[in-house]
Every structure is written in C-alpha cells, then in structure tokens.
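**Student:** My file is structure.pdb. It has PDB, C-alpha atoms:
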```
ATOM      1  CA  MET F 416       0.000   0.000   0.000
ATOM      2  CA  LYS F 417       1.361   3.429  -0.953
ATOM      3  CA  PHE F 418       2.183   5.993   1.717
ATOM      4  CA  LYS F 419      -0.661   8.337   0.747
ATOM      5  CA  GLU F 420      -3.206   5.526   0.877
ATOM      6  CA  ARG F 421      -1.931   4.431   4.284
ATOM      7  CA  TYR F 422      -2.131   8.026   5.508
ATOM      8  CA  LEU F 423      -5.697   8.540   4.288
ATOM      9  CA  GLN F 424      -6.736   5.223   5.783
ATOM     10  CA  ALA F 425      -5.211   6.163   9.139
ATOM     11  CA  LYS F 426      -6.787   9.641   9.101
ATOM     12  CA  ALA F 427     -10.203   8.103   8.403
ATOM     13  CA  ASN F 428      -9.841   5.911  11.509
ATOM     14  CA  VAL F 429     -10.701   8.717  13.954
ATOM     15  CA  PRO F 430     -10.354   7.804  17.667
ATOM     16  CA  LYS F 431     -13.678   7.202  19.356
ATOM     17  CA  LEU F 432     -14.608   9.636  22.106
ATOM     18  CA  PRO F 433     -16.142   8.308  25.322
ATOM     19  CA  THR F 434     -19.792   9.048  26.056
ATOM     20  CA  GLY F 435     -20.381  12.652  27.111
ATOM     21  CA  ILE F 436     -23.622  13.706  28.780
ATOM     22  CA  THR F 437     -26.226  11.068  29.640
ATOM     23  CA  THR F 438     -29.750  10.940  28.229
ATOM     24  CA  GLU F 439     -31.048  12.348  31.530
ATOM     25  CA  MET F 440     -28.621  15.281  31.329
ATOM     26  CA  ALA F 441     -29.537  15.921  27.691
ATOM     27  CA  ASN F 442     -33.252  16.027  28.525
ATOM     28  CA  ILE F 443     -32.682  18.429  31.433
ATOM     29  CA  PHE F 444     -30.583  20.680  29.181
ATOM     30  CA  ASP F 445     -33.385  20.806  26.593
ATOM     31  CA  LEU F 446     -35.853  21.905  29.275
ATOM     32  CA  ILE F 447     -33.466  24.621  30.470
ATOM     33  CA  ALA F 448     -32.946  25.846  26.889
ATOM     34  CA  ALA F 449     -36.721  26.091  26.458
ATOM     35  CA  LYS F 450     -37.002  28.125  29.667
ATOM     36  CA  ALA F 451     -34.137  30.386  28.549
ATOM     37  CA  LYS F 452     -36.305  31.598  25.651
ATOM     38  CA  ASN F 453     -38.460  33.323  28.296
ATOM     39  CA  GLY F 454     -35.507  35.043  29.952
ATOM     40  CA  LYS F 455     -32.753  34.451  32.490
ATOM     41  CA  LEU F 456     -35.033  34.483  35.523
ATOM     42  CA  GLU F 457     -37.233  31.614  34.315
ATOM     43  CA  ALA F 458     -34.217  29.532  33.315
ATOM     44  CA  ARG F 459     -32.352  30.081  36.582
ATOM     45  CA  LYS F 460     -35.442  29.362  38.706
ATOM     46  CA  PHE F 461     -35.859  26.065  36.843
ATOM     47  CA  ILE F 462     -32.173  25.238  37.386
ATOM     48  CA  CYS F 463     -32.528  25.999  41.091
ATOM     49  CA  ASN F 464     -35.468  23.593  41.384
ATOM     50  CA  LYS F 465     -33.518  20.880  39.574
ATOM     51  CA  LYS F 466     -30.597  21.343  41.975
ATOM     52  CA  LEU F 467     -33.003  20.952  44.890
ATOM     53  CA  GLU F 468     -34.248  17.673  43.394
ATOM     54  CA  VAL F 469     -30.677  16.355  43.353
ATOM     55  CA  PHE F 470     -30.105  17.403  46.972
ATOM     56  CA  ASN F 471     -33.421  15.869  48.067
ATOM     57  CA  SER F 472     -32.327  12.559  46.537
ATOM     58  CA  GLY F 473     -29.487  12.485  49.071
ATOM     59  CA  ILE F 474     -26.724  13.356  46.582
ATOM     60  CA  ASN F 475     -24.351  16.228  47.235
ATOM     61  CA  ASP F 476     -22.605  16.213  43.877
ATOM     62  CA  ASN F 477     -22.760  14.286  40.607
ATOM     63  CA  GLU F 478     -22.487  15.111  36.910
ATOM     64  CA  VAL F 479     -26.114  16.255  36.755
ATOM     65  CA  MET F 480     -25.322  18.810  39.466
ATOM     66  CA  GLN F 481     -22.125  19.791  37.664
ATOM     67  CA  MET F 482     -24.058  20.370  34.443
ATOM     68  CA  LEU F 483     -26.633  22.459  36.305
ATOM     69  CA  ASP F 484     -23.892  24.602  37.885
ATOM     70  CA  ILE F 485     -22.192  25.071  34.507
ATOM     71  CA  VAL F 486     -25.299  26.157  32.618
ATOM     72  CA  ASP F 487     -26.330  28.382  35.537
ATOM     73  CA  ALA F 488     -22.937  30.133  35.445
ATOM     74  CA  ILE F 489     -23.209  30.607  31.681
ATOM     75  CA  ILE F 490     -26.785  31.902  31.701
ATOM     76  CA  ALA F 491     -25.969  34.272  34.579
ATOM     77  CA  SER F 492     -23.167  35.800  32.451
ATOM     78  CA  LEU F 493     -25.310  36.259  29.318
ATOM     79  CA  PRO F 494     -27.310  39.402  28.510
ATOM     80  CA  ASP F 495     -31.034  39.062  29.175
ATOM     81  CA  LEU F 496     -33.596  39.240  26.377
ATOM     82  CA  ASN F 497     -33.866  43.039  26.628
ATOM     83  CA  GLU F 498     -30.087  43.549  26.813
ATOM     84  CA  GLN F 499     -27.580  43.725  23.974
ATOM     85  CA  SER F 500     -24.120  43.646  25.572
ATOM     86  CA  PRO F 501     -22.128  40.384  25.235
ATOM     87  CA  PRO F 502     -20.814  38.608  28.364
ATOM     88  CA  TYR F 503     -17.355  40.022  27.600
ATOM     89  CA  PRO F 504     -16.051  42.327  24.843
ATOM     90  CA  GLY F 505     -14.427  40.894  21.743
ATOM     91  CA  ASN F 506     -11.122  42.588  22.536
ATOM     92  CA  SER F 507     -10.812  40.900  25.939
ATOM     93  CA  SER F 508      -7.424  39.521  26.903
ATOM     94  CA  GLU F 509      -6.316  35.920  26.638
ATOM     95  CA  LEU F 510      -6.477  35.665  30.437
ATOM     96  CA  THR F 511     -10.123  36.842  30.499
ATOM     97  CA  HIS F 512     -11.134  34.127  28.037
ATOM     98  CA  TYR F 513      -9.109  31.518  29.908
ATOM     99  CA  ARG F 514     -10.629  32.389  33.295
ATOM    100  CA  TYR F 515     -14.150  32.025  31.890
ATOM    101  CA  VAL F 516     -13.489  28.517  30.533
ATOM    102  CA  ALA F 517     -11.361  27.524  33.555
ATOM    103  CA  THR F 518     -14.335  28.257  35.823
ATOM    104  CA  LEU F 519     -16.446  25.784  33.852
ATOM    105  CA  LEU F 520     -13.675  23.171  33.895
ATOM    106  CA  ASP F 521     -13.249  23.565  37.665
ATOM    107  CA  ILE F 522     -16.931  22.717  38.100
ATOM    108  CA  MET F 523     -16.783  19.773  35.697
ATOM    109  CA  PHE F 524     -13.640  18.235  37.225
ATOM    110  CA  ARG F 525     -14.403  18.941  40.892
ATOM    111  CA  ASP F 526     -15.177  15.251  41.588
ATOM    112  CA  THR F 527     -11.751  14.205  40.249
ATOM    113  CA  LYS F 528      -8.209  14.463  41.584
ATOM    114  CA  PHE F 529      -6.536  15.806  38.472
ATOM    115  CA  GLU F 530      -3.857  18.451  38.816
ATOM    116  CA  LYS F 531      -4.707  21.439  36.593
ATOM    117  CA  LYS F 532      -1.540  23.485  36.183
ATOM    118  CA  ASP F 533      -2.038  26.874  34.569
ATOM    119  CA  GLY F 534      -0.222  30.175  34.264
ATOM    120  CA  GLU F 535       2.292  29.332  31.519
ATOM    121  CA  THR F 536       3.550  26.211  33.294
ATOM    122  CA  SER F 537       6.594  24.516  31.772
ATOM    123  CA  SER F 538       5.800  21.095  30.281
ATOM    124  CA  LYS F 539       8.106  18.283  31.446
ATOM    125  CA  ALA F 540       7.295  16.193  28.363
ATOM    126  CA  THR F 541       8.536  18.912  25.990
ATOM    127  CA  LYS F 542      11.702  19.298  28.088
ATOM    128  CA  ILE F 543      12.352  15.558  27.776
ATOM    129  CA  ALA F 544      11.781  15.732  24.000
ATOM    130  CA  ARG F 545      14.189  18.654  23.587
ATOM    131  CA  GLN F 546      16.854  16.990  25.726
ATOM    132  CA  TYR F 547      16.461  13.723  23.809
ATOM    133  CA  ASN F 548      16.996  15.504  20.477
ATOM    134  CA  MET F 549      20.018  17.405  21.768
ATOM    135  CA  ASP F 550      21.615  14.169  22.989
ATOM    136  CA  LEU F 551      20.818  12.388  19.732
ATOM    137  CA  CYS F 552      22.312  15.199  17.643
ATOM    138  CA  GLU F 553      25.234  15.702  20.048
ATOM    139  CA  ASP F 554      24.170  19.320  20.394
ATOM    140  CA  ASN F 555      24.400  19.723  24.154
ATOM    141  CA  ASP F 556      25.246  23.209  25.364
ATOM    142  CA  SER F 557      26.478  23.160  28.938
ATOM    143  CA  LYS F 558      25.690  26.863  29.310
ATOM    144  CA  GLN F 559      22.084  26.544  28.155
ATOM    145  CA  VAL F 560      19.387  25.976  30.755
ATOM    146  CA  MET F 561      16.983  23.380  29.362
ATOM    147  CA  ILE F 562      13.314  24.172  29.984
ATOM    148  CA  GLY F 563      10.100  22.868  28.467
ATOM    149  CA  ARG F 564       7.531  24.796  26.488
ATOM    150  CA  ARG F 565       5.260  27.027  28.557
ATOM    151  CA  ILE F 566       1.646  25.860  28.431
ATOM    152  CA  ASP F 567      -1.598  27.622  29.405
ATOM    153  CA  LEU F 568      -3.204  24.518  30.968
ATOM    154  CA  LEU F 569      -1.742  21.088  31.730
ATOM    155  CA  PHE F 570      -3.820  18.202  33.045
ATOM    156  CA  SER F 571      -1.777  15.805  35.188
ATOM    157  CA  THR F 572      -2.222  12.880  37.539
ATOM    158  CA  LEU F 573       0.436  11.718  40.017
ATOM    159  CA  GLY F 574       2.697  14.336  38.431
ATOM    160  CA  VAL F 575       2.339  12.691  34.990
ATOM    161  CA  GLU F 576       1.159  15.023  32.219
ATOM    162  CA  LEU F 577      -1.957  13.856  30.359
ATOM    163  CA  SER F 578      -2.786  16.732  27.996
ATOM    164  CA  SER F 579      -2.070  20.307  26.988
ATOM    165  CA  SER F 580      -4.535  23.093  26.142
ATOM    166  CA  GLU F 581      -3.884  26.592  24.809
ATOM    167  CA  TRP F 582      -5.728  29.933  24.678
ATOM    168  CA  LYS F 583      -5.499  33.028  22.495
ATOM    169  CA  LYS F 584      -7.666  36.157  22.509
ATOM    170  CA  ALA F 585     -10.381  36.522  19.866
ATOM    171  CA  SER F 586      -8.567  39.209  17.872
ATOM    172  CA  VAL F 587      -5.465  37.079  17.256
ATOM    173  CA  SER F 588      -4.240  36.833  13.655
ATOM    174  CA  ASP F 589      -4.787  33.647  11.646
ATOM    175  CA  ASN F 590      -1.047  33.042  11.460
ATOM    176  CA  LEU F 591      -0.631  33.263  15.238
ATOM    177  CA  GLY F 592      -3.662  31.015  15.720
ATOM    178  CA  LYS F 593      -2.088  28.395  13.454
ATOM    179  CA  GLN F 594       1.224  28.698  15.289
ATOM    180  CA  GLN F 595      -0.630  27.930  18.504
ATOM    181  CA  GLN F 596      -2.307  24.956  16.808
ATOM    182  CA  ASN F 597       1.065  23.552  15.727
ATOM    183  CA  LYS F 598       2.593  24.120  19.166
ATOM    184  CA  ASN F 599      -0.312  22.419  20.929
ATOM    185  CA  ALA F 600      -0.259  19.436  18.561
ATOM    186  CA  ARG F 601       3.497  18.992  19.107
ATOM    187  CA  THR F 602       3.148  19.359  22.871
ATOM    188  CA  ASN F 603       0.400  16.738  23.064
ATOM    189  CA  LYS F 604       2.481  14.450  20.853
ATOM    190  CA  ALA F 605       5.422  14.862  23.245
ATOM    191  CA  ILE F 606       3.091  14.037  26.159
ATOM    192  CA  LEU F 607       1.820  10.927  24.369
ATOM    193  CA  ARG F 608       5.355   9.723  23.610
ATOM    194  CA  THR F 609       6.323  10.204  27.253
ATOM    195  CA  LEU F 610       3.307   8.142  28.325
ATOM    196  CA  GLU F 611       4.184   5.419  25.821
ATOM    197  CA  ARG F 612       7.648   5.057  27.381
ATOM    198  CA  MET F 613       6.014   4.063  30.662
ATOM    199  CA  PRO F 614       5.415   0.348  31.436
ATOM    200  CA  ILE F 615       1.811   0.396  30.207
ATOM    201  CA  ASP F 616      -0.091  -2.902  29.999
ATOM    202  CA  GLU F 617       0.361  -4.170  26.431
ATOM    203  CA  ASP F 618      -3.362  -4.822  25.924
ATOM    204  CA  LEU F 619      -4.064  -1.151  26.720
ATOM    205  CA  ARG F 620      -1.507   0.485  24.405
ATOM    206  CA  ASP F 621      -4.011   0.807  21.554
ATOM    207  CA  GLU F 622      -6.116   3.008  23.850
ATOM    208  CA  MET F 623      -3.299   5.499  24.385
ATOM    209  CA  VAL F 624      -4.669   8.719  22.892
ATOM    210  CA  VAL F 625      -4.079  12.277  24.115
ATOM    211  CA  TYR F 626      -6.806  14.935  23.775
ATOM    212  CA  GLY F 627      -6.119  18.665  23.972
ATOM    213  CA  MET F 628      -8.087  21.888  23.508
ATOM    214  CA  ASP F 629      -7.302  24.978  21.448
ATOM    215  CA  TRP F 630      -9.273  28.146  22.227
ATOM    216  CA  ILE F 631      -9.515  31.368  20.213
ATOM    217  CA  GLY F 632     -11.607  33.764  22.282
ATOM    218  CA  ASN F 633     -14.943  32.160  23.140
ATOM    219  CA  MET F 634     -14.618  29.322  20.634
ATOM    220  CA  GLY F 635     -12.231  26.470  20.059
ATOM    221  CA  TYR F 636     -11.899  22.793  19.221
ATOM    222  CA  VAL F 637     -10.618  19.486  20.575
ATOM    223  CA  ILE F 638      -7.756  17.592  18.936
ATOM    224  CA  ALA F 639      -6.577  14.023  19.461
ATOM    225  CA  VAL F 640      -3.045  12.700  18.970
ATOM    226  CA  LYS F 641      -2.502   8.988  18.354
ATOM    227  CA  GLN F 642       0.338   6.791  17.148
ATOM    228  CA  VAL F 643      -0.401   4.785  14.003
ATOM    229  CA  ASP F 644       2.351   2.516  12.631
ATOM    230  CA  SER F 645       5.174   4.534  14.230
ATOM    231  CA  ALA F 646       3.718   7.842  12.972
ATOM    232  CA  TYR F 647       1.818  10.347  15.108
ATOM    233  CA  LEU F 648      -1.391  11.717  13.620
ATOM    234  CA  VAL F 649      -3.522  14.639  14.801
ATOM    235  CA  TYR F 650      -7.303  14.360  14.521
ATOM    236  CA  PHE F 651     -10.010  17.020  14.763
ATOM    237  CA  MET F 652     -12.603  15.828  17.287
ATOM    238  CA  GLY F 653     -15.172  18.645  17.415
ATOM    239  CA  ASP F 654     -15.911  22.324  17.958
ATOM    240  CA  LEU F 655     -16.215  24.159  21.261
ATOM    241  CA  ILE F 656     -18.475  27.232  21.148
ATOM    242  CA  LEU F 657     -19.627  29.234  24.160
ATOM    243  CA  PRO F 658     -23.008  30.957  23.758
ATOM    244  CA  GLN F 659     -23.113  34.750  23.489
ATOM    245  CA  THR F 660     -26.872  35.250  23.908
ATOM    246  CA  LEU F 661     -29.856  33.376  25.306
ATOM    247  CA  GLY F 662     -30.965  32.934  21.711
ATOM    248  CA  ASN F 663     -28.077  30.632  20.867
ATOM    249  CA  PHE F 664     -27.781  28.996  24.285
ATOM    250  CA  CYS F 665     -29.392  25.823  22.879
ATOM    251  CA  ASP F 666     -26.334  25.367  20.611
ATOM    252  CA  PHE F 667     -24.167  24.874  23.704
ATOM    253  CA  LYS F 668     -25.483  21.310  24.069
ATOM    254  CA  ASP F 669     -22.934  19.872  21.600
ATOM    255  CA  THR F 670     -20.078  21.708  23.314
ATOM    256  CA  LEU F 671     -21.246  20.495  26.731
ATOM    257  CA  ASN F 672     -21.333  16.925  25.447
ATOM    258  CA  LEU F 673     -17.795  17.249  24.032
ATOM    259  CA  LEU F 674     -16.440  18.736  27.276
ATOM    260  CA  PHE F 675     -17.816  15.835  29.317
ATOM    261  CA  SER F 676     -16.315  13.403  26.770
ATOM    262  CA  PHE F 677     -13.009  15.226  27.287
ATOM    263  CA  LYS F 678     -13.370  14.701  31.042
ATOM    264  CA  HIS F 679     -14.284  11.009  30.747
ATOM    265  CA  HIS F 680     -11.316  10.326  28.482
ATOM    266  CA  HIS F 681      -8.953  11.845  31.054
ATOM    267  CA  GLN F 682     -10.499   9.664  33.751
ATOM    268  CA  LYS F 683      -9.988   6.595  31.570
ATOM    269  CA  LEU F 684      -6.401   7.594  30.740
ATOM    270  CA  ALA F 685      -5.621   8.156  34.430
ATOM    271  CA  VAL F 686      -6.741   4.586  35.223
ATOM    272  CA  ILE F 687      -4.294   3.274  32.589
ATOM    273  CA  VAL F 688      -1.432   5.482  33.772
ATOM    274  CA  GLU F 689      -1.724   4.859  37.534
ATOM    275  CA  PRO F 690      -0.314   1.279  37.671
ATOM    276  CA  ALA F 691       2.318   2.187  35.055
ATOM    277  CA  TYR F 692       3.425   5.127  37.210
ATOM    278  CA  HIS F 693       4.008   2.894  40.241
ATOM    279  CA  ARG F 694       5.878   0.312  38.117
ATOM    280  CA  HIS F 695       8.065   3.042  36.648
ATOM    281  CA  LYS F 696       8.761   4.501  40.097
ATOM    282  CA  ALA F 697       9.819   1.101  41.428
ATOM    283  CA  GLN F 698      12.010   0.376  38.406
ATOM    284  CA  SER F 699      13.702   3.775  38.636
ATOM    285  CA  THR F 700      14.572   3.210  42.295
ATOM    286  CA  LEU F 701      15.781  -0.391  41.964
ATOM    287  CA  ARG F 702      17.793   0.297  38.804
ATOM    288  CA  LYS F 703      20.316   2.182  40.933
ATOM    289  CA  TYR F 704      21.199  -0.998  42.813
ATOM    290  CA  ARG F 705      21.899  -3.376  39.972
ATOM    291  CA  THR F 706      24.158  -3.510  36.939
ATOM    292  CA  THR F 707      22.261  -3.255  33.674
ATOM    293  CA  LEU F 708      23.103  -3.059  30.019
ATOM    294  CA  MET F 709      23.101   0.335  28.356
ATOM    295  CA  GLU F 710      19.623   1.273  27.165
ATOM    296  CA  LYS F 711      19.203   1.032  23.430
ATOM    297  CA  ARG F 712      18.252   4.430  22.075
ATOM    298  CA  SER F 713      15.954   4.832  19.124
ATOM    299  CA  PRO F 714      17.618   6.475  16.097
ATOM    300  CA  SER F 715      14.374   8.382  15.511
ATOM    301  CA  PRO F 716      14.303  11.925  16.935
ATOM    302  CA  ASP F 717      11.650  13.092  19.348
ATOM    303  CA  THR F 718       9.268  16.018  18.826
ATOM    304  CA  PHE F 719      10.923  19.114  17.354
ATOM    305  CA  PHE F 720       9.982  22.572  18.646
ATOM    306  CA  THR F 721      10.665  26.082  17.411
ATOM    307  CA  PRO F 722      14.150  27.128  18.592
ATOM    308  CA  VAL F 723      14.244  29.544  21.510
ATOM    309  CA  LYS F 724      15.657  32.945  20.576
ATOM    310  CA  LYS F 725      18.780  33.766  22.550
ATOM    311  CA  GLN F 726      19.038  37.264  23.914
ATOM    312  CA  ARG F 727      22.346  38.939  23.130
ATOM    313  CA  LYS F 728      23.977  40.693  26.052
ATOM    314  CA  THR F 729      26.127  43.783  25.569
ATOM    315  CA  LYS F 730      28.249  45.903  27.861
ATOM    316  CA  THR F 731      28.969  49.580  27.498
ATOM    317  CA  VAL F 732      32.576  50.783  27.495
ATOM    318  CA  VAL F 733      33.234  54.475  28.126
ATOM    319  CA  ILE F 734      36.607  55.808  26.866
ATOM    320  CA  THR F 735      37.637  59.301  27.951
ATOM    321  CA  ASP F 736      40.603  61.364  26.756
ATOM    322  CA  ASP F 737      41.471  64.992  27.237
ATOM    323  CA  ASP F 738      39.096  66.330  24.617
ATOM    324  CA  ASP F 739      36.290  63.818  23.891
ATOM    325  CA  THR F 740      34.317  60.959  25.396
ATOM    326  CA  TYR F 741      33.597  57.836  23.297
ATOM    327  CA  ILE F 742      30.897  55.246  24.069
ATOM    328  CA  GLU F 743      31.238  51.749  22.553
ATOM    329  CA  ASN F 744      28.882  48.762  22.831
ATOM    330  CA  GLU F 745      30.804  45.522  23.069
ATOM    331  CA  GLN F 746      28.887  42.259  22.452
ATOM    332  CA  LEU F 747      29.514  39.521  25.024
TER     333      LEU F 747
END
```
Let's see the structure in the file written out as structure tokens.
**Tutor:**
Amino acid sequence: MKFKERYLQAKANVPKLPTGITTEMANIFDLIAAKAKNGKLEARKFICNKKLEVFNSGINDNEVMQMLDIVDAIIASLPDLNEQSPPYPGNSSELTHYRYVATLLDIMFRDTKFEKKDGETSSKATKIARQYNMDLCEDNDSKQVMIGRRIDLLFSTLGVELSSSEWKKASVSDNLGKQQQNKNARTNKAILRTLERMPIDEDLRDEMVVYGMDWIGNMGYVIAVKQVDSAYLVYFMGDLILPQTLGNFCDFKDTLNLLFSFKHHHQKLAVIVEPAYHRHKAQSTLRKYRTTLMEKRSPSPDTFFTPVKKQRKTKTVVITDDDDTYIENEQL
C-alpha cells in the first residue's frame, strides 16, 4: 500500500470519544434551553429547582449537578432578552477568556483528583523531547538551561502530564492562531510519547490517545493525537463554542457533550497510567542498585519545537581622553 493511501486510511480511523452527557442530562438541558427563551429568571429558577431535586435525593454532587452549575454560570453571564451587551467584549485579553473557561472546567472536574496546572507552566514532556533531540544530535550546550515549552493549561495525575490546552484572545491573527495549533499538537504528541515510554499494559496500548483543547476567544476545538504505525497523527474531534446570547444557548449542548467526553477520556487515561506510574517509580529506584546493560536508544528523533531565541547581552565601554568621550557597545 502506498504511503498516501496508508495516511488517508489512518486519518479516516478517527479515535472514538467516550460518552459525554447522559440521556437524563440531555433532557434536562433541553428543558433549560426552552425556559431560557423566556428570559434568564425563568431559566435560573428552573435550574434551582432541579438542583433541589438532586439534593433531596441524598446526593451532594454528581455530573447532573455539575451540568446544572455550569449552565447556571453561563446563563448568569449572558445578557437578558432586553439587553444587547455580550458577556465580555471581543477585545478581551487571553487571560479573560481563559478564566471564563477555567471556571467551567473547575466545576466539571471537581469530583476528580486531576492536577490542573495553569499560568504558563513549563511542560516536562517537551523538556524531555528537547533533551532527547540534543543528545541524539550531540548538540548539548552546557551553558544553556533546558526548559520545556510554557503551556496555558496542563492536566496531570500523580505528576504525569496527560494533555495540553492553549488559549489566544479573539482578535489574534490567523497566522498566530495556526502557530498555537502547531505548538499544541506537538506538545500533546510529546506528552503521548512520554506516556508510551512508561510500562503500560500491552493490551491497553491501543487506547493510548491524548486529547487537547485549542481556544480562540470564546470558541475552540478538541484535537486528538494517536500513534499509528510509528507515525503520530492529529485528529479534529469537534468544535467548542460558548453561547453569546440566550438565543443561541441551545447550541451549547454539543459543546457540553464534548467537554464531558473530554473529562471522561482523562479519567480513563488516568486509570491506565496509575499502575504504570508505580511500576516506573519502582524500576527507577531499583535500577540504581543493579548492573544493567546500556539502554538502546531509538535512532528516531523526538518532537521538534521552534528554537528559543537567545538574547544577546552587551556591555557599554566608556573611553575618555582629554578632549572627547567615546561610548562603545561591546557584544559579550
């Protein structure tokens, strides 16, 4: 089979997302969307009653309650039927857009123990990939401090990175948006390769897929990265669109379903990673106390990233004689 045919066949085999919202959750959402057509007050009163039903059933928190809290937060931020202003201006900063989505994710993941690292956190997986390539190419610079790529949001469990997500403000240029897309795809590929190096159960390796989000303002999409025959392919999994008015609130149902699928995949991936983490930890400790053969390195390079620009340092030299003063900039 030719390379192009193999590629098209692999791209057509899109990873299957886990189930998102349940039928019960979908029905409740439809009722809320119908109430929202009569204004924020009617919708929020209905949500409040539904929350009370959950509490009266003896449950403090579940995914129905999480969905109710999410849609309540969204509806509360939207303009009412007689208002025109959007929940936030189109020229809002990247941080404003991130905080809005992060609030929803905090609600959705509050029954989990995932570590959500934000604030331009350095990715360990990208650091490992860069170091691997430098060693392979014999390009080590003893004076260079090796750091990973800085990421807007990293999901981790037991200190092991599971996915990367990125944000940009709505007014970003297409070129910068595509640069972010490439960076996020490479970062998630580096994360996947790091996971694959762990002692994962062989019968679970086919399920090793990493999902990440890319956001541009109030909209975005989910990507998946998977290894197919020693190549790493990126798949588009669906759109993420936050409603701007009560009129298009009903369209949020597909996004809500995708976000819960995103959550359920991370829960599934964490179950696979947990035993592998403990095996790896034990092996790393015991390896120090026994003689082993040198590890065989793969001749294939790891993920490549855009080179970091080095800042040139200069010093100013002042030369004075009897008549004039000369100032020279000498590059270090």
**Student:** Excluding range 616-618 of chain F and its own-chain neighbours fewer than 2 positions away, which residues fall within 12 Å of it when counting all atoms listed in the file? Please give them as a PDB file with C-alpha atoms, in the frame of the given file.
**Tutor:**
```pdb
ATOM      1  CA  LEU F 610       3.307   8.142  28.325  1.00  0.00           C
ATOM      2  CA  GLU F 611       4.184   5.419  25.821  1.00  0.00           C
ATOM      3  CA  ARG F 612       7.648   5.057  27.381  1.00  0.00           C
ATOM      4  CA  MET F 613       6.014   4.063  30.662  1.00  0.00           C
ATOM      5  CA  PRO F 614       5.415   0.348  31.436  1.00  0.00           C
ATOM      6  CA  ARG F 620      -1.507   0.485  24.405  1.00  0.00           C
ATOM      7  CA  ASP F 621      -4.011   0.807  21.554  1.00  0.00           C
ATOM      8  CA  GLU F 622      -6.116   3.008  23.850  1.00  0.00           C
ATOM      9  CA  MET F 623      -3.299   5.499  24.385  1.00  0.00           C
ATOM     10  CA  VAL F 686      -6.741   4.586  35.223  1.00  0.00           C
ATOM     11  CA  ILE F 687      -4.294   3.274  32.589  1.00  0.00           C
ATOM     12  CA  VAL F 688      -1.432   5.482  33.772  1.00  0.00           C
ATOM     13  CA  GLU F 689      -1.724   4.859  37.534  1.00  0.00           C
ATOM     14  CA  PRO F 690      -0.314   1.279  37.671  1.00  0.00           C
ATOM     15  CA  ALA F 691       2.318   2.187  35.055  1.00  0.00           C
ATOM     16  CA  TYR F 692       3.425   5.127  37.210  1.00  0.00           C
ATOM     17  CA  ARG F 694       5.878   0.312  38.117  1.00  0.00           C
TER      18      ARG F 694
END
```
**Student:** Apply the PyMOL selection byres ((chain F and resi 602) around 8) to the file shown and report the selected residues as an MDAnalysis selection string.
**Tutor:** chainID F and resid 540:541 564 579 598:601 603:606
**Student:** Out of F:Thr700, F:Ser676, F:Asn475, F:Ser645, which residue has the shortest atom-to-atom distance to Pro433 in chain F when counting only C-alpha atoms?
**Tutor:**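 Of the candidates, the smallest distance to Pro433 in chain F is held by F:Ser676.
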**Student:** Between range 469-583 of chain F and range 448-454 of chain F, at 12 Å or less, what are the per-residue closest atom pairs and their distances in Å? Count all atoms listed in the file, order by chain and rising residue number, and return it as a tab-separated table.
**Tutor:**
```
residue	atom	partner	partner_atom	distance
F:Leu483	CA	F:Ala448	CA	11.8
F:Val486	CA	F:Ala448	CA	9.6
F:Asp487	CA	F:Ala451	CA	10.7
F:Ile489	CA	F:Ala451	CA	11.4
F:Ile490	CA	F:Ala451	CA	8.1
F:Ala491	CA	F:Gly454	CA	10.6
F:Leu493	CA	F:Gly454	CA	10.3
F:Pro494	CA	F:Gly454	CA	9.4
F:Asp495	CA	F:Gly454	CA	6.1
F:Leu496	CA	F:Gly454	CA	5.8
F:Asn497	CA	F:Gly454	CA	8.8
F:Glu498	CA	F:Gly454	CA	10.6
```
**Student:** Adding 5 Å on each side of the box along x, y and z that holds all listed atoms of range 453-468 of chain F, could you give its centre and edge lengths in Å to one decimal, as AutoDock Vina command-line options?
**Tutor:**
```
--center_x -34.5 --center_y 26.4 --center_z 36.6 --size_x 17.9 --size_y 27.4 --size_z 26.6
```
**Student:** Calculated over only C-alpha atoms, which of the candidates F:Val649, F:Ala441, F:Leu569, F:Ile447 has the smallest distance to Asp669 in chain F?
**Tutor:**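 Of F:Val649, F:Ala441, F:Leu569, F:Ile447, the one nearest Asp669 in chain F is F:Ala441, counting only C-alpha atoms.
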